[in-house]
$ cat coords_3.cif   # mmCIF, C-alpha atoms
data_upload
#
loop_
_atom_site.label_atom_id
_atom_site.label_comp_id
_atom_site.auth_asym_id
_atom_site.auth_seq_id
_atom_site.Cartn_x
_atom_site.Cartn_y
_atom_site.Cartn_z
CA MET A 1 0.00 0.00 0.00
CA GLU A 2 2.94 2.34 0.58
CA GLU A 3 3.83 2.21 -3.11
CA ASP A 4 0.22 3.02 -4.05
CA ILE A 5 0.24 6.00 -1.69
CA ARG A 6 3.48 7.28 -3.25
CA LEU A 7 1.91 6.92 -6.70
CA PHE A 8 -1.14 8.85 -5.54
CA LEU A 9 0.92 11.65 -3.97
CA ASN A 10 2.96 11.93 -7.15
CA TYR A 11 -0.30 12.31 -9.09
CA LEU A 12 -1.47 15.08 -6.74
CA ALA A 13 1.83 16.91 -7.05
CA LYS A 14 2.25 16.70 -10.82
CA GLU A 15 -1.31 16.60 -12.14
CA LYS A 16 -3.25 18.52 -9.51
CA LYS A 17 -0.41 20.90 -8.57
CA CYS A 18 -1.17 20.48 -4.85
CA SER A 19 0.91 22.45 -2.36
CA LYS A 20 3.46 20.83 -0.05
CA ASN A 21 1.16 21.34 2.94
CA THR A 22 -1.67 19.52 1.14
CA LEU A 23 0.63 16.68 0.14
CA ASP A 24 1.92 16.35 3.71
CA ALA A 25 -1.66 16.18 5.02
CA TYR A 26 -2.60 13.46 2.51
CA ASN A 27 0.57 11.55 3.31
CA ASN A 28 -0.10 11.65 7.07
CA ASP A 29 -3.74 10.64 6.73
CA LEU A 30 -3.14 7.82 4.27
CA SER A 31 -0.14 6.51 6.22
CA GLN A 32 -2.43 6.29 9.24
CA LEU A 33 -4.94 4.33 7.14
CA ALA A 34 -2.21 1.96 5.95
CA ASP A 35 -0.85 1.47 9.47
CA PHE A 36 -4.32 0.77 10.82
CA ILE A 37 -5.05 -1.84 8.16
CA ALA A 38 -1.63 -3.43 8.71
CA THR A 39 -2.40 -3.91 12.41
CA THR A 40 -5.91 -5.32 12.01
CA GLY A 41 -4.44 -8.77 11.45
CA SER A 42 -6.85 -9.50 8.61
CA GLY A 43 -4.33 -9.56 5.81
CA GLY A 44 -5.51 -6.38 4.14
CA TYR A 45 -2.35 -4.35 3.92
CA ASP A 46 -2.29 -4.62 0.14
CA VAL A 47 -4.74 -2.18 -1.41
CA ASN A 48 -6.11 -4.98 -3.60
CA GLN A 49 -7.25 -6.81 -0.47
CA LEU A 50 -9.23 -3.93 1.04
CA THR A 51 -12.81 -4.84 1.96
CA ASP A 52 -15.87 -3.05 3.31
CA LYS A 53 -14.99 -4.50 6.72
CA HIS A 54 -11.65 -2.68 6.70
CA LEU A 55 -13.37 0.60 5.88
CA SER A 56 -16.02 0.12 8.56
CA MET A 57 -13.36 -0.68 11.13
CA TYR A 58 -11.32 2.36 10.09
CA MET A 59 -14.30 4.71 10.45
CA ALA A 60 -15.01 3.29 13.90
CA PHE A 61 -11.33 3.69 14.81
CA LEU A 62 -11.39 7.38 13.85
CA LYS A 63 -14.61 8.04 15.75
CA ASN A 64 -13.14 6.50 18.90
CA LYS A 65 -10.17 8.85 18.73
CA SER A 66 -10.37 12.28 20.32
CA TYR A 67 -10.41 13.94 16.91
CA THR A 68 -12.62 16.90 16.01
CA LEU A 69 -15.35 16.32 13.44
CA SER A 70 -13.41 18.38 10.90
CA THR A 71 -10.30 16.20 11.38
CA ILE A 72 -12.32 13.00 10.95
CA ALA A 73 -13.98 14.45 7.86
CA ARG A 74 -10.59 15.36 6.40
CA LYS A 75 -9.12 11.90 7.00
CA ILE A 76 -12.13 10.16 5.47
CA ALA A 77 -12.07 12.55 2.51
CA ALA A 78 -8.40 11.70 1.96
CA ALA A 79 -9.21 7.99 2.02
CA ARG A 80 -12.11 8.44 -0.41
CA THR A 81 -10.00 10.42 -2.86
CA PHE A 82 -7.26 7.79 -2.66
CA LEU A 83 -9.71 4.92 -3.22
CA LYS A 84 -11.27 6.68 -6.20
CA PHE A 85 -7.79 7.10 -7.66
CA MET A 86 -7.13 3.38 -7.11
CA ALA A 87 -10.52 2.47 -8.63
CA ASP A 88 -9.73 4.50 -11.75
CA ARG A 89 -6.65 2.32 -12.11
CA GLY A 90 -8.55 -0.91 -11.54
CA LYS A 91 -6.96 -1.75 -8.18
CA VAL A 92 -10.11 -1.60 -6.05
CA ASN A 93 -13.84 -1.80 -6.70
CA SER A 94 -15.30 1.46 -7.91
CA ASP A 95 -18.03 1.40 -5.24
CA MET A 96 -15.68 1.36 -2.25
CA ALA A 97 -15.02 5.09 -1.90
CA PRO A 98 -18.70 6.12 -1.54
CA ARG A 99 -19.08 3.71 1.38
CA LEU A 100 -16.81 5.91 3.49
CA SER A 101 -19.22 8.40 5.02
CA ALA A 102 -17.75 11.50 6.62
CA PRO A 103 -19.47 13.42 9.43
CA LYS A 104 -21.16 16.62 8.35
CA VAL A 105 -19.13 19.63 9.47
CA VAL A 106 -20.82 23.00 9.77
CA LYS A 107 -18.28 25.64 8.84
CA ALA A 108 -18.07 28.57 11.20
CA ALA A 109 -18.27 32.04 9.74
CA PRO A 110 -14.83 33.54 9.01
CA LYS A 111 -13.32 35.45 11.93
CA ALA A 112 -12.58 39.04 10.97
CA LEU A 113 -11.09 41.96 12.86
CA THR A 114 -12.99 45.20 13.26
CA VAL A 115 -11.94 48.21 11.20
CA GLN A 116 -10.68 49.83 14.39
CA GLU A 117 -8.52 46.80 15.25
CA VAL A 118 -6.97 46.83 11.77
CA GLN A 119 -6.24 50.54 12.13
CA ARG A 120 -4.54 49.97 15.49
CA LEU A 121 -2.45 47.13 14.03
CA MET A 122 -1.27 49.28 11.11
CA ALA A 123 -0.60 52.27 13.36
CA GLU A 124 1.58 50.16 15.64
CA ALA A 125 3.96 49.33 12.76
CA ALA A 126 3.82 52.85 11.30
CA ARG A 127 4.90 54.57 14.54
CA LEU A 128 8.30 52.85 14.69
CA PRO A 129 11.25 54.34 12.73
CA SER A 130 13.34 51.17 12.25
CA ILE A 131 13.99 49.54 8.88
CA ASP A 132 12.28 46.36 10.06
CA ALA A 133 9.18 48.32 11.09
CA LYS A 134 9.03 50.02 7.69
CA ARG A 135 9.18 46.59 6.03
CA ASP A 136 6.53 45.27 8.42
CA ARG A 137 4.21 48.15 7.68
CA ALA A 138 4.50 47.49 3.94
CA MET A 139 3.69 43.80 4.46
CA LEU A 140 0.72 44.42 6.74
CA GLU A 141 -0.71 47.15 4.54
CA LEU A 142 -0.33 45.00 1.43
CA LEU A 143 -1.89 41.95 3.09
CA TYR A 144 -4.93 43.95 4.18
CA ALA A 145 -5.23 45.81 0.88
CA SER A 146 -5.04 42.66 -1.24
CA GLY A 147 -6.46 39.79 0.82
CA MET A 148 -3.55 37.60 -0.22
CA LEU A 149 -2.67 34.38 1.54
CA ALA A 150 0.45 34.55 3.71
CA SER A 151 2.14 32.00 1.44
CA GLU A 152 1.40 34.21 -1.58
CA LEU A 153 2.73 37.29 0.17
CA MET A 154 5.94 35.55 1.18
CA SER A 155 6.36 34.10 -2.33
CA LEU A 156 6.26 37.50 -4.02
CA ASN A 157 9.30 38.49 -6.05
CA VAL A 158 10.20 42.02 -7.10
CA GLU A 159 9.16 41.26 -10.68
CA ASN A 160 5.62 40.42 -9.52
CA ILE A 161 5.11 44.07 -8.63
CA ASP A 162 4.04 46.15 -11.63
CA LEU A 163 4.12 49.72 -10.33
CA GLU A 164 3.69 51.17 -13.81
CA ARG A 165 0.32 49.46 -14.17
CA SER A 166 -0.43 49.61 -10.42
CA ARG A 167 -0.96 45.90 -9.98
CA ILE A 168 0.50 42.69 -8.55
CA ASN A 169 0.73 39.47 -10.54
CA ILE A 170 0.01 36.38 -8.43
CA ALA A 171 0.75 32.80 -9.54
CA SER A 172 -0.95 30.32 -7.19
CA SER A 173 0.29 26.79 -6.48
CA ARG A 174 -2.60 25.40 -8.56
CA GLY A 175 -1.63 27.43 -11.59
CA ARG A 176 -4.55 29.88 -11.34
CA SER A 177 -2.81 33.20 -11.84
CA ARG A 178 -4.60 36.43 -11.01
CA VAL A 179 -3.99 40.16 -10.93
CA ILE A 180 -4.52 42.29 -7.82
CA PRO A 181 -4.93 46.03 -8.43
CA LEU A 182 -3.11 48.61 -6.29
CA ASP A 183 -4.65 51.94 -5.40
CA SER A 184 -2.44 55.03 -5.39
CA ARG A 185 -1.82 54.86 -1.64
CA MET A 186 -0.74 51.23 -1.70
CA ARG A 187 1.37 51.84 -4.78
CA SER A 188 3.25 54.60 -2.93
CA ILE A 189 3.83 52.38 0.12
CA ILE A 190 5.25 49.55 -2.00
CA LYS A 191 7.39 51.90 -4.10
CA GLU A 192 8.86 53.49 -0.97
CA TYR A 193 9.60 50.05 0.47
CA ILE A 194 11.38 48.86 -2.67
CA ASP A 195 13.34 52.08 -3.22
CA ALA A 196 14.28 53.01 0.35
CA VAL A 197 13.84 49.98 2.63
CA ARG A 198 14.43 46.72 0.78
CA ILE A 199 17.72 47.99 -0.63
CA LYS A 200 19.03 48.48 2.92
CA ILE A 201 18.16 44.89 3.91
CA LEU A 202 19.39 43.30 0.69
CA THR A 203 22.74 41.50 0.95
CA ASP A 204 22.76 39.65 -2.39
CA ASP A 205 21.81 41.41 -5.62
CA LYS A 206 20.61 38.07 -7.01
CA GLU A 207 17.92 37.73 -4.33
CA ARG A 208 14.52 38.35 -5.96
CA ALA A 209 12.26 37.96 -2.91
CA LEU A 210 10.22 41.09 -2.22
CA PHE A 211 10.16 40.79 1.56
CA LEU A 212 13.43 39.95 3.29
CA ASN A 213 14.48 39.00 6.79
CA GLN A 214 17.41 40.56 8.65
CA ARG A 215 19.85 38.26 6.82
CA GLY A 216 18.66 39.53 3.45
CA GLU A 217 16.87 36.26 2.66
CA ARG A 218 13.22 35.57 1.85
CA LEU A 219 11.06 35.98 4.93
CA THR A 220 9.17 32.81 5.92
CA ARG A 221 5.50 32.43 6.78
CA GLN A 222 6.48 31.52 10.33
CA GLY A 223 8.55 34.68 10.63
CA PHE A 224 5.69 36.77 9.27
CA TRP A 225 3.23 35.18 11.70
CA GLN A 226 5.49 36.09 14.63
CA ILE A 227 5.76 39.66 13.34
CA ILE A 228 1.97 40.00 13.24
CA GLN A 229 1.62 38.58 16.75
CA SER A 230 4.19 41.01 18.06
CA TYR A 231 2.33 44.05 16.70
CA ALA A 232 -1.05 42.72 17.82
CA ASP A 233 0.30 42.28 21.36
CA SER A 234 1.86 45.74 21.35
CA ALA A 235 -1.39 47.28 20.12
CA GLY A 236 -3.35 45.50 22.86
CA ILE A 237 -5.63 43.69 20.41
CA THR A 238 -7.36 40.83 22.21
CA SER A 239 -8.88 39.26 19.08
CA LYS A 240 -6.88 36.52 17.41
CA VAL A 241 -4.72 38.19 14.77
CA THR A 242 -3.23 36.00 12.02
CA PRO A 243 -2.54 36.41 8.30
CA ARG A 244 -5.80 34.50 7.73
CA SER A 245 -7.85 36.83 9.94
CA ILE A 246 -6.43 39.84 8.07
CA ARG A 247 -7.43 38.19 4.78
CA HIS A 248 -10.91 37.64 6.21
CA SER A 249 -11.01 41.27 7.34
CA PHE A 250 -10.17 42.46 3.84
CA ALA A 251 -13.12 40.51 2.40
CA VAL A 252 -15.63 41.45 5.10
CA HIS A 253 -14.74 45.14 5.08
CA ARG A 254 -14.81 45.33 1.27
CA LEU A 255 -18.21 43.65 1.03
CA SER A 256 -19.68 45.73 3.86
CA SER A 257 -18.51 48.84 2.00
CA GLY A 258 -20.52 47.79 -1.04
CA ALA A 259 -17.84 46.14 -3.20
CA ASP A 260 -19.05 43.77 -5.90
CA ILE A 261 -18.86 40.19 -4.61
CA HIS A 262 -17.49 38.88 -7.92
CA ALA A 263 -14.69 41.45 -7.81
CA VAL A 264 -13.81 40.35 -4.26
CA GLN A 265 -13.94 36.70 -5.39
CA GLU A 266 -11.48 37.45 -8.19
CA VAL A 267 -9.03 39.27 -5.93
CA LEU A 268 -9.16 36.49 -3.30
CA GLY A 269 -8.70 33.82 -5.96
CA HIS A 270 -11.74 31.78 -4.92
CA ALA A 271 -12.72 29.13 -7.45
CA HIS A 272 -16.37 29.20 -6.31
CA ILE A 273 -18.55 32.18 -5.46
CA SER A 274 -20.04 30.22 -2.53
CA THR A 275 -16.69 30.54 -0.72
CA THR A 276 -16.82 34.33 -1.03
CA LYS A 277 -20.48 34.45 0.00
CA ALA A 278 -19.51 33.03 3.40
CA TYR A 279 -18.16 36.51 4.25
CA LYS A 280 -21.69 37.89 3.93
CA GLN A 281 -22.53 36.06 7.18
CA VAL A 282 -20.09 38.16 9.20
#
$ encode --input "coords_3.cif" --output "structure tokens"
Amino acid sequence: MEEDIRLFLNYLAKEKKCSKNTLDAYNNDLSQLADFIATTGSGGYDVNQLTDKHLSMYMAFLKNKSYTLSTIARKIAAARTFLKFMADRGKVNSDMAPRLSAPKVVKAAPKALTVQEVQRLMAEAARLPSIDAKRDRAMLELLYASGMLASELMSLNVENIDLERSRINIASSRGRSRVIPLDSRMRSIIKEYIDAVRIKILTDDKERALFLNQRGERLTRQGFWQIIQSYADSAGITSKVTPRSIRHSFAVHRLSSGADIHAVQEVLGHAHISTTKAYKQV
């Protein structure tokens, strides 16, 4: 079964262009499935030998664990996707995947900051004169102005910024590129960062990353998360502040200000309008 899982992960990486985090999640969930089947003692470690009994036992095993409903649903969804992939290749019966029933998970409405909390967060970075603070302000302002994912923000290169056309070109991990417009204020902030701040942090002219750490290398998502937490703590914001909550705040505040929902969907990069409509609940 390990070889089948490797084949499946390779398919997700090359054909579906899944991110590393998604691949790691699939690998962990399917490895758990394989380990469980290997320890049942019923000779079903080979994917060809899987039966309905194995699947029933696996679902019961997950429900007896102290997992949240969303975690159980994710693990069962991973198993179903894997079994469908195996069925398409004639290794298991095509009717096995539908027999794995996942618990219904009600998604909570996205958690957004208030406008006042966002203003306090931005003001906290803007009040400090250091080079790092000037970089941090540019990152926070851009995140809130664009609704980008933290991974997209950290993946930006200088060439992705088109100041002449006042826009940012984003290439997602799934190959769905999109363009995010910049208003005049955001354009000025980014231009000032590139011209007067980034050049002081840069240590290697070949480095193309837009946002750099103190060593002149690309800043990581973990580093950015810590930066946000630091400013949130300094500003005395009690709400949970993360790159995701700032993305949610962008969407909620835009929609509440009367922005067209399809325009917000396009900027966020949502494949389905239903995902964007969730922000209407907030």
$ resolve_selection --input "coords_3.cif" --expression "the PyMOL selection byres ((chain A and resi 160) around 10)" --output "ChimeraX atom specification"
/A:155-159,161-163,167-171,179,208-210
$ atom_distance --input "coords_3.cif" --atom1 "CA of Ser188 (chain A)" --atom2 "CA of Glu164 (chain A)"
11.4 Å
$ atom_distance --input "coords_3.cif" --atom1 "CA of Gln32 (chain A)" --atom2 "CA of Thr81 (chain A)"
14.9 Å
$ resolve_selection --input "coords_3.cif" --expression "the PyMOL selection byres ((chain A and resi 124-131) around 10)" --output "PDB file with C-alpha atoms, keeping the file's coordinate frame"
ATOM      1  CA  VAL A 118      -6.970  46.830  11.770  1.00  0.00           C
ATOM      2  CA  GLN A 119      -6.240  50.540  12.130  1.00  0.00           C
ATOM      3  CA  ARG A 120      -4.540  49.970  15.490  1.00  0.00           C
ATOM      4  CA  LEU A 121      -2.450  47.130  14.030  1.00  0.00           C
ATOM      5  CA  MET A 122      -1.270  49.280  11.110  1.00  0.00           C
ATOM      6  CA  ALA A 123      -0.600  52.270  13.360  1.00  0.00           C
ATOM      7  CA  ASP A 132      12.280  46.360  10.060  1.00  0.00           C
ATOM      8  CA  ALA A 133       9.180  48.320  11.090  1.00  0.00           C
ATOM      9  CA  LYS A 134       9.030  50.020   7.690  1.00  0.00           C
ATOM     10  CA  ARG A 135       9.180  46.590   6.030  1.00  0.00           C
ATOM     11  CA  ASP A 136       6.530  45.270   8.420  1.00  0.00           C
ATOM     12  CA  ARG A 137       4.210  48.150   7.680  1.00  0.00           C
ATOM     13  CA  ALA A 138       4.500  47.490   3.940  1.00  0.00           C
ATOM     14  CA  MET A 139       3.690  43.800   4.460  1.00  0.00           C
ATOM     15  CA  LEU A 140       0.720  44.420   6.740  1.00  0.00           C
ATOM     16  CA  GLU A 141      -0.710  47.150   4.540  1.00  0.00           C
ATOM     17  CA  TYR A 193       9.600  50.050   0.470  1.00  0.00           C
ATOM     18  CA  ALA A 196      14.280  53.010   0.350  1.00  0.00           C
ATOM     19  CA  VAL A 197      13.840  49.980   2.630  1.00  0.00           C
ATOM     20  CA  ARG A 198      14.430  46.720   0.780  1.00  0.00           C
ATOM     21  CA  LYS A 200      19.030  48.480   2.920  1.00  0.00           C
ATOM     22  CA  ILE A 201      18.160  44.890   3.910  1.00  0.00           C
ATOM     23  CA  GLN A 214      17.410  40.560   8.650  1.00  0.00           C
ATOM     24  CA  ILE A 227       5.760  39.660  13.340  1.00  0.00           C
ATOM     25  CA  ILE A 228       1.970  40.000  13.240  1.00  0.00           C
ATOM     26  CA  SER A 230       4.190  41.010  18.060  1.00  0.00           C
ATOM     27  CA  TYR A 231       2.330  44.050  16.700  1.00  0.00           C
ATOM     28  CA  ALA A 232      -1.050  42.720  17.820  1.00  0.00           C
ATOM     29  CA  ASP A 233       0.300  42.280  21.360  1.00  0.00           C
ATOM     30  CA  SER A 234       1.860  45.740  21.350  1.00  0.00           C
ATOM     31  CA  ALA A 235      -1.390  47.280  20.120  1.00  0.00           C
ATOM     32  CA  GLY A 236      -3.350  45.500  22.860  1.00  0.00           C
TER      33      GLY A 236
END
$ atom_distance --input "coords_3.cif" --atom1 "CA of Met148 (chain A)" --atom2 "CA of Leu23 (chain A)"
21.3 Å
$ resolve_selection --input "coords_3.cif" --expression "the PyMOL selection byres ((chain A and resi 3-17) around 8)" --output "ChimeraX atom specification"
/A:1-2,18-19,23,26-27,30-31,47,82,85-86,173-175
$ closest_residue --input "coords_3.cif" --among "A:Asn48, A:Arg218, A:Ala112, A:Ala259" --to "Gly90 (chain A)" --atoms "all atoms listed in the file"
A:Asn48
$ closest_residue --input "coords_3.cif" --among "A:Thr71, A:Thr242, A:Asn93, A:Ser146" --to "Gln265 (chain A)" --atoms "only C-alpha atoms"
A:Ser146
$ closest_residue --input "coords_3.cif" --among "A:Ala97, A:Ala78, A:Pro181, A:Gly216" --to "Ala263 (chain A)" --atoms "only C-alpha atoms"
A:Pro181
$ residues_around --input "coords_3.cif" --residues "Gly147 (chain A)" --least-positions-apart "4" --cutoff "8 Å" --atoms "all atoms listed in the file" --output "VMD selection string"
chain A and resid 143 246 to 248 250 to 251 267 to 268
$ write_last_selection --input "coords_3.cif" --atoms "C-alpha atoms" --output "mmCIF file, in the coordinates of the input"
data_model
loop_
_atom_site.group_PDB
_atom_site.id
_atom_site.type_symbol
_atom_site.label_atom_id
_atom_site.label_comp_id
_atom_site.auth_asym_id
_atom_site.auth_seq_id
_atom_site.Cartn_x
_atom_site.Cartn_y
_atom_site.Cartn_z
ATOM 1 C CA LEU A 143 -1.890 41.950 3.090
ATOM 2 C CA ILE A 246 -6.430 39.840 8.070
ATOM 3 C CA ARG A 247 -7.430 38.190 4.780
ATOM 4 C CA HIS A 248 -10.910 37.640 6.210
ATOM 5 C CA PHE A 250 -10.170 42.460 3.840
ATOM 6 C CA ALA A 251 -13.120 40.510 2.400
ATOM 7 C CA VAL A 267 -9.030 39.270 -5.930
ATOM 8 C CA LEU A 268 -9.160 36.490 -3.300
#
$ build_atoms --input "coords_3.cif" --residues "region 201-213 of chain A" --atoms "N, CA and C atoms" --output "mmCIF file, keeping the file's coordinate frame"
data_model
loop_
_atom_site.group_PDB
_atom_site.id
_atom_site.type_symbol
_atom_site.label_atom_id
_atom_site.label_comp_id
_atom_site.auth_asym_id
_atom_site.auth_seq_id
_atom_site.Cartn_x
_atom_site.Cartn_y
_atom_site.Cartn_z
ATOM 1 N N ILE A 201 18.138 46.234 3.336
ATOM 2 C CA ILE A 201 18.160 44.890 3.910
ATOM 3 C C ILE A 201 18.867 43.907 2.992
ATOM 4 N N LEU A 202 18.840 44.200 1.697
ATOM 5 C CA LEU A 202 19.390 43.300 0.690
ATOM 6 C C LEU A 202 20.892 43.092 0.870
ATOM 7 N N THR A 203 21.309 41.820 0.833
ATOM 8 C CA THR A 203 22.740 41.500 0.950
ATOM 9 C C THR A 203 23.276 40.825 -0.307
ATOM 10 N N ASP A 204 22.359 40.332 -1.155
ATOM 11 C CA ASP A 204 22.760 39.650 -2.390
ATOM 12 C C ASP A 204 21.904 40.190 -3.527
ATOM 13 N N ASP A 205 22.549 40.808 -4.504
ATOM 14 C CA ASP A 205 21.810 41.410 -5.620
ATOM 15 C C ASP A 205 21.012 40.390 -6.426
ATOM 16 N N LYS A 206 21.332 39.106 -6.272
ATOM 17 C CA LYS A 206 20.610 38.070 -7.010
ATOM 18 C C LYS A 206 19.312 37.655 -6.318
ATOM 19 N N GLU A 207 19.140 38.081 -5.067
ATOM 20 C CA GLU A 207 17.920 37.730 -4.330
ATOM 21 C C GLU A 207 16.731 38.481 -4.918
ATOM 22 N N ARG A 208 15.682 37.739 -5.311
ATOM 23 C CA ARG A 208 14.520 38.350 -5.960
ATOM 24 C C ARG A 208 13.321 38.477 -5.036
ATOM 25 N N ALA A 209 13.384 37.898 -3.838
ATOM 26 C CA ALA A 209 12.260 37.960 -2.910
ATOM 27 C C ALA A 209 11.921 39.419 -2.590
ATOM 28 N N LEU A 210 10.641 39.723 -2.527
ATOM 29 C CA LEU A 210 10.220 41.090 -2.220
ATOM 30 C C LEU A 210 10.464 41.419 -0.745
ATOM 31 N N PHE A 211 10.030 40.526 0.129
ATOM 32 C CA PHE A 211 10.160 40.790 1.560
ATOM 33 C C PHE A 211 11.273 39.923 2.161
ATOM 34 N N LEU A 212 12.219 40.604 2.814
ATOM 35 C CA LEU A 212 13.430 39.950 3.290
ATOM 36 C C LEU A 212 13.526 39.988 4.806
ATOM 37 N N ASN A 213 14.214 38.983 5.358
ATOM 38 C CA ASN A 213 14.480 39.000 6.790
ATOM 39 C C ASN A 213 15.776 39.775 7.058
#
